[in-house]
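J.: This is final_6.txt (compact mmCIF, C-alpha atoms).
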```txt
# COMPACT_ATOMS: atom_id res chain seq x y z
CA MET A 238 0.00 0.00 0.00
CA MET A 239 1.28 3.41 -0.90
CA LYS A 240 0.32 6.52 0.87
CA GLN A 241 0.89 10.19 0.48
CA THR A 242 -0.46 12.64 2.95
CA SER A 243 -0.74 16.36 3.13
CA HIS A 244 0.32 16.92 6.72
CA HIS A 245 2.57 15.42 9.32
CA ARG A 246 -0.13 14.23 11.66
CA SER A 247 -1.30 11.68 9.17
CA THR A 248 2.12 10.09 8.94
CA PHE A 249 1.24 8.43 12.23
CA ARG A 250 -1.95 7.02 10.92
CA ILE A 251 -0.73 3.54 10.21
CA PRO A 252 0.86 2.88 13.61
CA LEU A 253 -2.17 4.45 15.25
CA ALA A 254 -4.48 2.24 13.24
CA THR A 255 -2.41 -0.79 14.14
CA LEU A 256 -2.57 0.18 17.79
CA ALA A 257 -6.30 0.66 17.51
CA ILE A 258 -6.70 -2.79 15.99
CA ALA A 259 -4.48 -4.29 18.66
CA ALA A 260 -6.48 -2.55 21.35
CA LEU A 261 -9.69 -3.71 19.72
CA SER A 262 -8.62 -7.33 19.51
CA GLY A 263 -7.56 -7.06 23.15
CA THR A 264 -11.09 -5.98 23.98
CA VAL A 265 -12.49 -8.85 21.96
CA ALA A 266 -10.38 -11.30 23.89
CA CYS A 267 -11.37 -9.89 27.29
CA SER A 268 -15.01 -8.96 26.90
CA ALA A 269 -17.81 -8.64 24.40
CA ALA A 270 -16.90 -6.74 21.23
CA PRO A 271 -18.46 -3.30 20.73
CA PRO A 272 -21.58 -3.43 18.57
CA ALA A 273 -21.03 -3.15 14.82
CA PRO A 274 -21.57 0.37 13.40
CA GLU A 275 -24.35 -0.95 11.13
CA LEU A 276 -26.23 -2.23 14.15
CA VAL A 277 -25.71 1.02 16.07
CA GLU A 278 -27.14 2.92 13.10
CA ALA A 279 -30.19 0.63 12.97
CA ARG A 280 -30.82 1.00 16.71
CA THR A 281 -30.53 4.80 16.49
CA ALA A 282 -32.92 4.97 13.54
CA TYR A 283 -35.40 2.85 15.47
CA GLU A 284 -35.16 5.13 18.53
CA VAL A 285 -35.82 8.15 16.30
CA ALA A 286 -38.86 6.44 14.79
CA LYS A 287 -40.19 5.36 18.18
CA ASN A 288 -39.94 8.88 19.59
CA GLY A 289 -41.56 10.47 16.53
CA PRO A 290 -45.16 10.55 15.30
CA ALA A 291 -44.86 6.95 14.05
CA SER A 292 -45.60 5.39 17.44
CA GLU A 293 -49.04 7.00 17.43
CA LEU A 294 -49.75 7.42 13.73
CA ALA A 295 -47.96 4.53 12.01
CA PRO A 296 -47.82 1.77 14.64
CA ALA A 297 -47.86 -1.05 12.08
CA ARG A 298 -44.79 0.38 10.35
CA LEU A 299 -43.06 0.85 13.65
CA GLU A 300 -43.75 -2.77 14.51
CA GLU A 301 -42.22 -3.85 11.20
CA ALA A 302 -39.17 -1.77 12.06
CA ARG A 303 -38.97 -3.37 15.51
CA GLN A 304 -39.10 -6.86 14.00
CA ALA A 305 -36.43 -5.95 11.44
CA LEU A 306 -34.19 -4.67 14.22
CA GLU A 307 -34.75 -7.82 16.24
CA GLU A 308 -33.76 -9.91 13.24
CA ALA A 309 -30.63 -7.84 12.74
CA GLU A 310 -29.72 -8.21 16.43
CA ASN A 311 -30.13 -12.00 16.14
CA LYS A 312 -28.08 -12.25 12.96
CA PHE A 313 -25.26 -10.24 14.54
CA GLU A 314 -25.35 -12.53 17.54
CA GLN A 315 -25.03 -15.58 15.30
CA ASP A 316 -22.21 -14.17 13.18
CA ARG A 317 -21.28 -10.53 13.52
CA LYS A 318 -19.06 -10.61 10.46
CA SER A 319 -21.55 -12.14 8.04
CA GLU A 320 -22.90 -10.28 5.04
CA ALA A 321 -26.40 -11.44 6.03
CA ALA A 322 -26.09 -9.62 9.37
CA LYS A 323 -24.98 -6.40 7.69
CA VAL A 324 -27.83 -6.59 5.21
CA ALA A 325 -30.30 -7.25 8.04
CA ALA A 326 -29.05 -4.10 9.81
CA TYR A 327 -29.34 -2.10 6.59
CA ILE A 328 -32.92 -3.30 6.17
CA ALA A 329 -33.71 -2.49 9.82
CA THR A 330 -32.39 1.07 9.34
CA ARG A 331 -34.49 1.52 6.20
CA ARG A 332 -37.60 0.09 7.94
CA ALA A 333 -37.15 2.51 10.86
CA GLU A 334 -36.75 5.46 8.49
CA ILE A 335 -39.81 4.35 6.55
CA ALA A 336 -41.80 4.29 9.81
CA THR A 337 -40.63 7.84 10.59
CA ILE A 338 -41.58 9.03 7.10
CA ARG A 339 -44.99 7.34 7.23
CA GLY A 340 -45.64 8.92 10.64
CA LYS A 341 -44.91 12.36 9.21
CA GLU A 342 -47.09 11.65 6.20
CA LYS A 343 -50.02 10.68 8.44
CA ASN A 344 -49.45 13.85 10.45
CA HIS A 345 -49.71 15.96 7.29
CA LYS A 346 -52.90 14.17 6.32
CA LEU A 347 -54.45 15.02 9.68
CA GLU A 348 -53.41 18.66 9.17
CA ILE A 349 -55.08 18.67 5.76
CA LYS A 350 -58.32 17.35 7.27
CA LYS A 351 -58.28 19.97 10.04
CA LEU A 352 -57.50 22.78 7.60
CA LYS A 353 -60.30 21.72 5.27
CA GLU A 354 -62.81 21.87 8.12
CA GLU A 355 -61.61 25.34 9.08
CA TYR A 356 -61.86 26.47 5.50
CA ASP A 357 -65.44 25.26 5.18
CA GLU A 358 -66.44 26.99 8.40
CA LEU A 359 -64.88 30.28 7.28
CA GLU A 360 -66.55 30.06 3.92
CA LYS A 361 -69.93 29.51 5.54
CA LYS A 362 -69.45 32.63 7.65
CA HIS A 363 -68.52 34.60 4.57
CA LEU A 364 -71.75 33.65 2.91
CA THR A 365 -74.14 34.26 5.80
CA MET A 366 -72.72 37.31 7.56
CA THR A 367 -72.76 40.99 6.75
CA ARG A 368 -69.53 42.85 6.31
CA GLU A 369 -69.61 44.17 9.90
CA GLU A 370 -70.47 40.85 11.43
CA LEU A 371 -67.68 39.31 9.43
CA ALA A 372 -65.17 41.83 10.72
CA ALA A 373 -66.20 41.00 14.27
CA ALA A 374 -66.00 37.29 13.57
CA LYS A 375 -62.55 37.67 12.06
CA ALA A 376 -61.34 39.50 15.13
CA GLY A 377 -62.55 36.55 17.19
CA LEU A 378 -60.62 34.28 14.92
CA ALA A 379 -57.34 35.35 16.48
CA GLN A 380 -57.01 31.98 18.07
CA THR A 381 -57.55 30.13 14.83
CA LYS A 382 -55.07 32.43 13.21
CA ALA A 383 -52.44 31.77 15.84
CA GLY A 384 -52.93 28.07 15.30
CA LEU A 385 -52.61 28.52 11.57
CA GLU A 386 -49.45 30.55 11.96
CA GLN A 387 -47.98 27.76 13.98
CA THR A 388 -48.86 25.14 11.38
CA LYS A 389 -47.46 27.36 8.69
CA ALA A 390 -44.23 27.99 10.56
CA GLN A 391 -43.84 24.27 11.06
CA LEU A 392 -44.46 23.50 7.40
CA ASP A 393 -42.12 26.29 6.34
CA ALA A 394 -39.36 25.09 8.63
CA GLU A 395 -39.76 21.58 7.32
CA ARG A 396 -39.66 22.80 3.76
CA GLU A 397 -36.56 24.89 4.35
CA ALA A 398 -34.72 22.09 6.08
CA ARG A 399 -35.66 19.74 3.29
CA LYS A 400 -34.64 22.20 0.62
CA ALA A 401 -31.24 22.76 2.19
CA ALA A 402 -30.56 19.06 2.49
CA GLU A 403 -31.95 18.26 -0.90
CA SER A 404 -30.17 20.89 -2.93
CA ARG A 405 -26.92 19.37 -1.71
CA LEU A 406 -28.12 15.88 -2.42
CA ALA A 407 -29.63 16.84 -5.75
CA SER A 408 -26.39 18.13 -7.17
CA ALA A 409 -24.49 15.21 -5.77
CA VAL A 410 -26.91 12.68 -7.22
CA ALA A 411 -27.21 14.39 -10.58
CA SER A 412 -23.48 14.70 -11.06
CA LEU A 413 -22.68 11.23 -9.87
CA LYS A 414 -25.48 9.32 -11.46
CA GLU A 415 -23.98 9.21 -14.92
CA MET A 416 -20.46 8.30 -14.04
CA ALA A 417 -20.36 6.70 -10.65
CA GLN A 418 -21.80 4.18 -8.27
CA VAL A 419 -22.73 5.61 -4.92
CA LYS A 420 -22.99 3.33 -1.93
CA GLU A 421 -23.48 3.93 1.76
CA GLU A 422 -21.08 1.71 3.62
CA ALA A 423 -19.92 1.58 7.22
CA ARG A 424 -16.75 3.49 6.26
CA GLY A 425 -18.82 6.34 4.76
CA VAL A 426 -20.43 7.21 1.45
CA VAL A 427 -18.37 5.49 -1.22
CA ILE A 428 -18.34 7.03 -4.68
CA THR A 429 -16.81 4.64 -7.19
CA LEU A 430 -15.52 6.12 -10.44
CA SER A 431 -14.57 3.86 -13.30
CA GLY A 432 -10.93 4.20 -14.31
CA SER A 433 -11.85 4.48 -17.98
CA VAL A 434 -13.96 7.57 -17.28
CA LEU A 435 -11.04 9.36 -15.64
CA PHE A 436 -7.81 8.26 -17.33
CA SER A 437 -6.30 6.86 -20.49
CA THR A 438 -4.69 3.42 -20.14
CA GLY A 439 -1.48 3.58 -18.14
CA LYS A 440 -1.75 7.36 -17.65
CA TYR A 441 -2.50 9.39 -14.57
CA LYS A 442 -3.38 12.70 -16.13
CA LEU A 443 -7.10 13.37 -15.81
CA LEU A 444 -9.07 13.37 -19.06
CA PRO A 445 -10.80 16.71 -19.77
CA ILE A 446 -14.25 15.15 -19.40
CA ALA A 447 -13.22 13.70 -16.05
CA LYS A 448 -12.34 17.18 -14.80
CA ASP A 449 -15.81 18.44 -15.62
CA LYS A 450 -17.38 15.56 -13.77
CA LEU A 451 -15.05 15.89 -10.80
CA ASN A 452 -15.97 19.58 -10.59
CA ASP A 453 -19.56 18.56 -10.04
CA VAL A 454 -18.49 16.04 -7.42
CA ALA A 455 -16.41 18.73 -5.69
CA LYS A 456 -19.31 21.17 -5.72
CA ALA A 457 -21.52 18.57 -4.08
CA LEU A 458 -18.84 17.67 -1.54
CA VAL A 459 -18.06 21.28 -0.58
CA ASP A 460 -21.67 21.73 0.52
CA GLN A 461 -21.86 18.38 2.23
CA GLY A 462 -20.10 19.19 5.50
CA TYR A 463 -17.65 16.29 5.20
CA LYS A 464 -15.26 15.36 7.98
CA LYS A 465 -12.69 13.65 5.85
CA ILE A 466 -12.35 12.47 2.28
CA LEU A 467 -10.19 9.55 1.23
CA VAL A 468 -9.32 9.01 -2.42
CA GLU A 469 -8.26 5.43 -3.17
CA GLY A 470 -6.73 4.36 -6.46
CA HIS A 471 -7.16 0.72 -7.55
CA THR A 472 -5.88 -1.22 -10.56
CA ASP A 473 -6.38 -4.64 -12.08
CA SER A 474 -3.71 -7.32 -11.73
CA GLN A 475 -2.06 -6.82 -15.12
CA GLY A 476 1.52 -5.57 -14.99
CA SER A 477 3.83 -5.61 -11.99
CA GLU A 478 2.49 -5.09 -8.51
CA ARG A 479 4.98 -2.28 -7.92
CA ASN A 480 3.92 -0.39 -11.05
CA ASN A 481 0.28 -0.86 -10.22
CA GLU A 482 0.74 0.57 -6.75
CA SER A 483 2.61 3.54 -8.09
CA LEU A 484 0.08 4.17 -10.89
CA SER A 485 -2.88 3.87 -8.51
CA LEU A 486 -1.27 6.39 -6.12
CA LYS A 487 -0.54 8.84 -8.92
CA ARG A 488 -4.11 8.55 -10.13
CA ALA A 489 -5.54 9.05 -6.64
CA GLU A 490 -3.21 12.05 -6.25
CA SER A 491 -4.47 13.54 -9.55
CA VAL A 492 -8.04 13.26 -8.32
CA ARG A 493 -7.09 14.70 -4.93
CA THR A 494 -5.23 17.65 -6.47
CA HIS A 495 -8.13 18.39 -8.74
CA LEU A 496 -10.67 18.24 -5.92
CA ILE A 497 -8.49 20.65 -3.90
CA SER A 498 -8.37 23.05 -6.85
CA GLN A 499 -12.17 22.96 -6.71
CA GLY A 500 -12.39 24.05 -3.10
CA ILE A 501 -12.01 20.88 -1.03
CA THR A 502 -9.85 21.62 2.05
CA ALA A 503 -6.42 20.10 1.42
CA SER A 504 -5.91 18.94 5.01
CA LYS A 505 -9.19 17.02 4.93
CA ILE A 506 -8.44 14.93 1.85
CA GLU A 507 -5.97 12.11 1.50
CA ALA A 508 -4.85 10.01 -1.43
CA MET A 509 -3.87 6.34 -1.28
CA GLY A 510 -2.64 3.92 -3.90
CA LEU A 511 -3.82 0.39 -3.25
CA GLY A 512 -2.74 -1.11 -6.59
CA GLU A 513 -4.26 -4.50 -7.27
CA SER A 514 -4.67 -5.46 -3.60
CA ARG A 515 -8.43 -4.93 -3.34
CA PRO A 516 -10.21 -6.29 -6.40
CA VAL A 517 -13.99 -6.03 -6.51
CA ALA A 518 -14.25 -8.52 -9.36
CA GLY A 519 -12.23 -11.37 -10.88
CA ASN A 520 -9.14 -10.38 -12.86
CA ASP A 521 -9.65 -13.26 -15.30
CA THR A 522 -12.13 -11.47 -17.59
CA PRO A 523 -11.89 -8.10 -19.37
CA GLU A 524 -15.12 -7.07 -17.67
CA GLY A 525 -13.82 -7.93 -14.22
CA ARG A 526 -10.57 -6.09 -14.87
CA ALA A 527 -12.48 -2.99 -16.00
CA ASN A 528 -14.41 -3.05 -12.71
CA ASN A 529 -11.18 -3.33 -10.74
CA ARG A 530 -9.64 -0.28 -12.45
CA ARG A 531 -11.30 2.40 -10.37
CA VAL A 532 -10.97 5.32 -8.03
CA GLU A 533 -13.04 5.30 -4.86
CA ILE A 534 -13.84 8.51 -3.04
CA ILE A 535 -14.86 7.78 0.53
CA VAL A 536 -16.64 10.62 2.29
CA GLU A 537 -16.84 10.42 6.07
CA MET B 264 -13.83 -33.12 -4.47
CA PRO B 265 -13.24 -35.65 -1.67
CA LEU B 266 -15.51 -38.26 -3.25
CA LEU B 267 -13.50 -38.24 -6.45
CA ASP B 268 -10.26 -38.40 -4.46
CA LYS B 269 -11.52 -41.46 -2.69
CA CYS B 270 -12.46 -43.02 -5.98
CA ALA B 271 -9.10 -42.20 -7.52
CA ARG B 272 -7.27 -43.52 -4.48
CA THR B 273 -9.25 -46.73 -4.63
CA GLN B 274 -8.22 -47.17 -8.24
CA ILE B 275 -4.56 -46.53 -7.51
CA ALA B 276 -4.53 -48.89 -4.55
CA LEU B 277 -6.13 -51.59 -6.66
CA PRO B 278 -4.49 -51.63 -10.08
CA THR B 279 -6.87 -54.35 -11.26
CA PRO B 280 -10.32 -53.22 -10.16
CA THR B 281 -13.03 -55.82 -9.96
CA PRO B 282 -16.38 -55.11 -11.72
CA ILE B 283 -18.06 -54.50 -8.34
CA ARG B 284 -15.50 -51.85 -7.43
CA LEU B 285 -15.92 -50.21 -10.82
CA VAL B 286 -19.68 -49.94 -10.25
CA ARG B 287 -19.03 -48.40 -6.84
CA CYS B 288 -16.61 -45.96 -8.41
CA ALA B 289 -19.08 -44.97 -11.08
CA ARG B 290 -21.65 -44.37 -8.36
CA LEU B 291 -19.24 -42.13 -6.48
CA VAL B 292 -18.46 -40.16 -9.62
CA TRP B 293 -22.16 -39.72 -10.26
CA LEU B 294 -22.73 -38.54 -6.67
CA ALA B 295 -19.83 -36.13 -6.98
CA GLY B 296 -21.36 -34.77 -10.15
CA VAL B 297 -24.69 -34.15 -8.43
CA ALA B 298 -22.92 -32.52 -5.49
CA SER B 299 -20.87 -30.20 -7.67
CA LEU B 300 -24.00 -29.24 -9.59
CA SER B 301 -25.71 -28.08 -6.41
CA ILE B 302 -22.55 -26.25 -5.32
CA ALA B 303 -22.42 -24.46 -8.67
CA CYS B 304 -25.93 -23.21 -7.99
CA GLY B 305 -24.77 -21.64 -4.74
CA GLY B 306 -26.74 -24.14 -2.73
CA ALA B 307 -29.80 -21.87 -2.89
CA ALA B 308 -32.65 -21.50 -5.33
CA ALA B 309 -32.61 -18.61 -7.79
CA PRO B 310 -34.26 -15.62 -6.07
CA ASN B 311 -36.73 -15.01 -8.87
CA HIS B 312 -39.46 -14.11 -6.43
CA GLN B 313 -37.25 -11.51 -4.69
CA LEU B 314 -36.27 -10.12 -8.08
CA THR B 315 -39.94 -9.59 -9.00
CA THR B 316 -40.65 -7.99 -5.62
CA ALA B 317 -37.71 -5.59 -5.89
CA GLU B 318 -38.51 -4.66 -9.46
CA SER B 319 -42.15 -3.94 -8.75
CA ALA B 320 -41.15 -1.86 -5.71
CA VAL B 321 -38.92 0.20 -8.01
CA ARG B 322 -41.75 0.66 -10.50
CA ALA B 323 -44.16 1.68 -7.71
CA ALA B 324 -41.67 4.27 -6.48
CA GLU B 325 -41.22 5.61 -10.01
CA VAL B 326 -44.97 5.87 -10.53
CA GLY B 327 -45.24 7.56 -7.13
CA GLY B 328 -42.88 10.30 -8.29
CA ALA B 329 -39.84 9.35 -6.20
CA GLU B 330 -37.50 10.53 -8.93
CA GLU B 331 -38.64 14.11 -8.50
CA LEU B 332 -37.26 14.11 -4.98
CA PRO B 333 -33.47 14.07 -4.64
CA LYS B 334 -33.58 11.80 -1.62
CA GLY B 335 -36.11 9.57 -3.31
CA GLU B 336 -33.97 9.52 -6.41
CA LEU B 337 -30.96 8.50 -4.37
CA HIS B 338 -32.75 5.54 -2.79
CA LEU B 339 -34.10 4.58 -6.20
CA LYS B 340 -30.57 4.60 -7.53
CA TYR B 341 -29.39 2.37 -4.67
CA ALA B 342 -32.23 -0.01 -5.49
CA LYS B 343 -31.53 -0.08 -9.22
CA ASP B 344 -27.79 -0.54 -8.73
CA ALA B 345 -28.44 -3.43 -6.33
CA ILE B 346 -30.84 -5.10 -8.76
CA ALA B 347 -28.34 -4.81 -11.61
CA GLU B 348 -25.62 -6.31 -9.42
CA ALA B 349 -27.96 -9.08 -8.27
CA ARG B 350 -28.76 -9.97 -11.88
CA THR B 351 -25.06 -10.37 -12.64
CA LEU B 352 -24.66 -12.59 -9.60
CA MET B 353 -27.68 -14.67 -10.57
CA ASP B 354 -26.14 -15.25 -13.99
CA LYS B 355 -23.08 -16.62 -12.21
CA GLY B 356 -25.25 -18.80 -9.98
CA GLU B 357 -24.39 -16.85 -6.82
CA HIS B 358 -27.93 -16.91 -5.55
CA GLU B 359 -27.34 -16.34 -1.88
CA GLN B 360 -25.48 -13.10 -2.44
CA ALA B 361 -28.05 -12.02 -5.04
CA THR B 362 -30.90 -12.62 -2.58
CA LEU B 363 -29.31 -10.30 -0.02
CA LEU B 364 -28.90 -7.55 -2.61
CA LEU B 365 -32.48 -7.92 -3.76
CA GLU B 366 -33.77 -7.63 -0.20
CA LYS B 367 -31.80 -4.39 0.14
CA ALA B 368 -33.13 -3.13 -3.19
CA ALA B 369 -36.75 -3.76 -2.24
CA VAL B 370 -36.53 -1.81 1.00
CA ASP B 371 -34.65 1.07 -0.66
CA ALA B 372 -37.39 1.33 -3.28
CA GLU B 373 -40.00 1.23 -0.55
CA GLN B 374 -38.30 4.11 1.21
CA ALA B 375 -38.19 6.10 -2.05
CA LEU B 376 -41.96 5.66 -2.41
CA ALA B 377 -42.61 6.62 1.23
CA LEU B 378 -40.57 9.81 0.73
CA ALA B 379 -42.55 10.72 -2.37
CA GLU B 380 -45.90 10.16 -0.66
CA GLU B 381 -44.91 12.14 2.40
CA GLU B 382 -43.82 15.03 0.20
CA GLU B 383 -47.16 14.93 -1.59
CA ALA B 384 -49.09 15.11 1.69
CA ARG B 385 -46.88 17.95 2.91
CA SER B 386 -47.45 20.06 -0.18
CA LEU B 387 -51.21 19.39 -0.04
CA ALA B 388 -51.26 20.66 3.56
CA GLU B 389 -49.43 23.76 2.43
CA GLU B 390 -51.90 24.41 -0.37
CA GLN B 391 -54.81 24.06 2.03
CA LEU B 392 -53.21 26.56 4.36
CA GLU B 393 -52.79 29.07 1.54
CA ARG B 394 -56.47 28.74 0.61
CA ILE B 395 -57.50 29.65 4.16
CA GLU B 396 -55.16 32.61 4.23
CA GLU B 397 -56.62 33.93 0.99
CA LEU B 398 -60.11 33.64 2.37
CA MET B 399 -59.19 35.41 5.60
CA ASN B 400 -57.66 38.29 3.70
CA GLN B 401 -60.71 38.86 1.52
```
Please render this file's structure as structure tokens.
T.:
Amino acid sequence: MMKQTSHHRSTFRIPLATLAIAALSGTVACSAAPPAPELVEARTAYEVAKNGPASELAPARLEEARQALEEAENKFEQDRKSEAAKVAAYIATRRAEIATIRGKEKNHKLEIKKLKEEYDELEKKHLTMTREELAAAKAGLAQTKAGLEQTKAQLDAEREARKAAESRLASAVASLKEMAQVKEEARGVVITLSGSVLFSTGKYKLLPIAKDKLNDVAKALVDQGYKKILVEGHTDSQGSERNNESLSLKRAESVRTHLISQGITASKIEAMGLGESRPVAGNDTPEGRANNRRVEIIVE
Amino acid sequence: MPLLDKCARTQIALPTPTPIRLVRCARLVWLAGVASLSIACGGAAAPNHQLTTAESAVRAAEVGGAEELPKGELHLKYAKDAIAEARTLMDKGEHEQATLLLEKAAVDAEQALALAEEEEARSLAEEQLERIEELMNQ
């Protein structure tokens, strides 16, 4: 593995990581291992759902979420490293979020019903009252109005929050959709870019089209409030291991440099060259090799 | 394949196999063949049912307008990517792995639909509120 970092602190990352692993395995030997991050995420999502409107307004969904969490807990108990356990936790997280969303939806539907009734009542008054009577009635409507203001403020706040989150997501999704696979993994959001999109064979200079696309990625990332970004270069197994490591590092560095030129904070982004050490597909077919030639951007 | 090994060893140990032994060997080879066939299929049935479920969940989310919502679109993308990957795995006979991916895909698509429907209810509530305000200001 090759590594190039932007600041001195990171030079100690490997020993620190080794220490952390050693400490972790020590813990495993002495007592129960800490719960897997996937499971923690699922439990948190369930707590959020349980404390939201879902418990009253979408109890069936919440129950589904509870069962999914129970299944995930069981699978982790059986084999905490298994893919099945991780998938069960992923499903439990989704089920909890669905319960939360359905609770909110039901809440909005109740608001609609209430608002419709108020509208009808107001309309009736409009039709039957004189102008003066109406003015008096409207003055007495202060309470209704206050209630309405509150509903409106709530809806506005929700809309604003959603807009802020979604404009970031929208640009990220739009720019990545065409050229990349985006996956949420325990290590963060992983954006996988195909090597052929970014570079010519054997080269590490970014293709012009790749720069355009990376600009979009950078724009999305700048808004995202990332803690750390890791750029990993990977190759297939053709050619010498040494050359592959060096090429993958140079490629990761090219991507890193370009992202920095687009406003990503240099101290928060690292480049690593992993060569052929982490294939995602077999190296025995052209298709598999193409999948292995890639750059992964991991956003924490 | 241990069964084949055993068969081969038996043959080596007995350079002149009797007809009975040959029959036994043939039986072992046949058994080994059956065993390897089921191993090639990943030991699990093809998750055709899960594939249908995931695909119809994706269609439902699309019809529900999930693509118009960035977050909905993102979950739809996760679902579609997982289905595509699962199809590749199914072609290779890796059914167990494909099943897991399809289960993920279905629940992602379901979340995309939920997001779209919640957004619809929220905007309807907002419209209703605006109607009342108009009436009050008349």
J.: Pick out the residues sitting within 12 Å of range 385-398 of chain A, and hand them over as JSON, numbers by chain; count only C-alpha atoms, and ignore anything fewer than 5 positions along from it in its own chain.
T.: {"A": [341, 344, 345, 347, 348, 349, 351, 352, 355, 356, 378, 379, 380, 403, 404, 405], "B": [381, 382, 384, 385, 386, 387, 388, 389, 390, 391, 392, 393, 394, 395, 396, 399]}
J.: Applying 9 Å and only C-alpha atoms, which residues near Ile497 in chain A remain after dropping the ones on its own chain fewer than 5 positions away? List them as a list of chain:residue names.
T.: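 Counting only the stated atoms, we get A:Ala455, A:Val492, A:Thr502, A:Ala503, A:Ile506.
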J.: Restricting the calculation to all atoms listed in the file: of B:Glu330, B:Asp354, B:Asp371, B:Glu397, which residue gets closest to chain A?
T.: B:Asp371
J.: Name the residues in contact with Ala345 in chain B at a cut-off of 7 Å, using all atoms listed in the file, excluding same-chain residues fewer than 4 positions from it; report them as a list in words.
T.: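 My list of contacting residues is Tyr341, Ala349, Leu364, Leu365 and Ala368 of chain B.
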J.: Which residue gives the smallest distance to Ser485 in chain A among A:Glu533, A:Glu314, A:Asp449, A:Asp521, with all atoms listed in the file counted?
T.: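 Result for the nearest residue to Ser485 in chain A: A:Glu533.
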J.: Please provide as a list in words all residues within 8 Å of Gly335 in chain B, with the sequence filter that same-chain residues fewer than 2 positions apart are discarded (counting all atoms listed in the file).
T.: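 Contacts, in chain order: Ala329, Glu330, Glu331, Leu332, Pro333, Leu337, His338, Leu339, Gln374, Ala375, Leu376, Leu378 and Ala379 of chain B.
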J.: For the residues selected in the previous step, produce a file with C-alpha atoms as an mmCIF file, keeping the file's coordinate frame.
T.:
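Listed below is the output, again_29.cif:
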```cif
data_model
loop_
_atom_site.group_PDB
_atom_site.id
_atom_site.type_symbol
_atom_site.label_atom_id
_atom_site.label_comp_id
_atom_site.auth_asym_id
_atom_site.auth_seq_id
_atom_site.Cartn_x
_atom_site.Cartn_y
_atom_site.Cartn_z
ATOM 1 C CA ALA B 329 -39.840 9.350 -6.200
ATOM 2 C CA GLU B 330 -37.500 10.530 -8.930
ATOM 3 C CA GLU B 331 -38.640 14.110 -8.500
ATOM 4 C CA LEU B 332 -37.260 14.110 -4.980
ATOM 5 C CA PRO B 333 -33.470 14.070 -4.640
ATOM 6 C CA LEU B 337 -30.960 8.500 -4.370
ATOM 7 C CA HIS B 338 -32.750 5.540 -2.790
ATOM 8 C CA LEU B 339 -34.100 4.580 -6.200
ATOM 9 C CA GLN B 374 -38.300 4.110 1.210
ATOM 10 C CA ALA B 375 -38.190 6.100 -2.050
ATOM 11 C CA LEU B 376 -41.960 5.660 -2.410
ATOM 12 C CA LEU B 378 -40.570 9.810 0.730
ATOM 13 C CA ALA B 379 -42.550 10.720 -2.370
#
```
J.: From the options A:Arg368, A:Arg493, A:Lys323, A:His363, which residue's atoms come nearest to Ala423 in chain A, counting all atoms listed in the file?
T.: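 Checking each candidate against Ala423 in chain A, we get A:Lys323 as the closest.
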J.: Just give me the gap between CA of Gly432 in chain A and CA of Arg531 in chain A in Å, one decimal is fine.
T.: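 So the two atoms, CA of Gly432 in chain A and CA of Arg531 in chain A, lie 4.3 Å apart.
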J.: Using all atoms listed in the file, find the one residue out of B:Pro310, B:Val370, B:Gly356, B:Glu348 that sits nearest to Ala302 in chain A.
T.: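 Among the listed residues, B:Val370 lies closest to Ala302 in chain A.
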J.: Counting only C-alpha atoms, what is within 12 Å of Lys318 in chain A, bar same-chain residues fewer than 3 positions away, as JSON, numbers by chain?
T.: {"A": [270, 272, 273, 274, 275, 276, 312, 313, 314, 315, 321, 322, 323, 324, 325, 326]}
J.: Please write as a PyMOL selection string the list of polymer residues whose atoms come within 7 Å of (-36.8, 0.3, -9.5), counting all atoms listed in the file and keeping to the coordinates of the file.
T.: chain B and resi 317-322+324-325+339+342-343+372
J.: Counting all atoms listed in the file, figure out which residue out of B:Glu383, B:Glu366, B:Glu359, B:Glu373 gets nearest to Ile346 in chain B.
T.: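 Among the listed residues, B:Glu366 lies closest to Ile346 in chain B.
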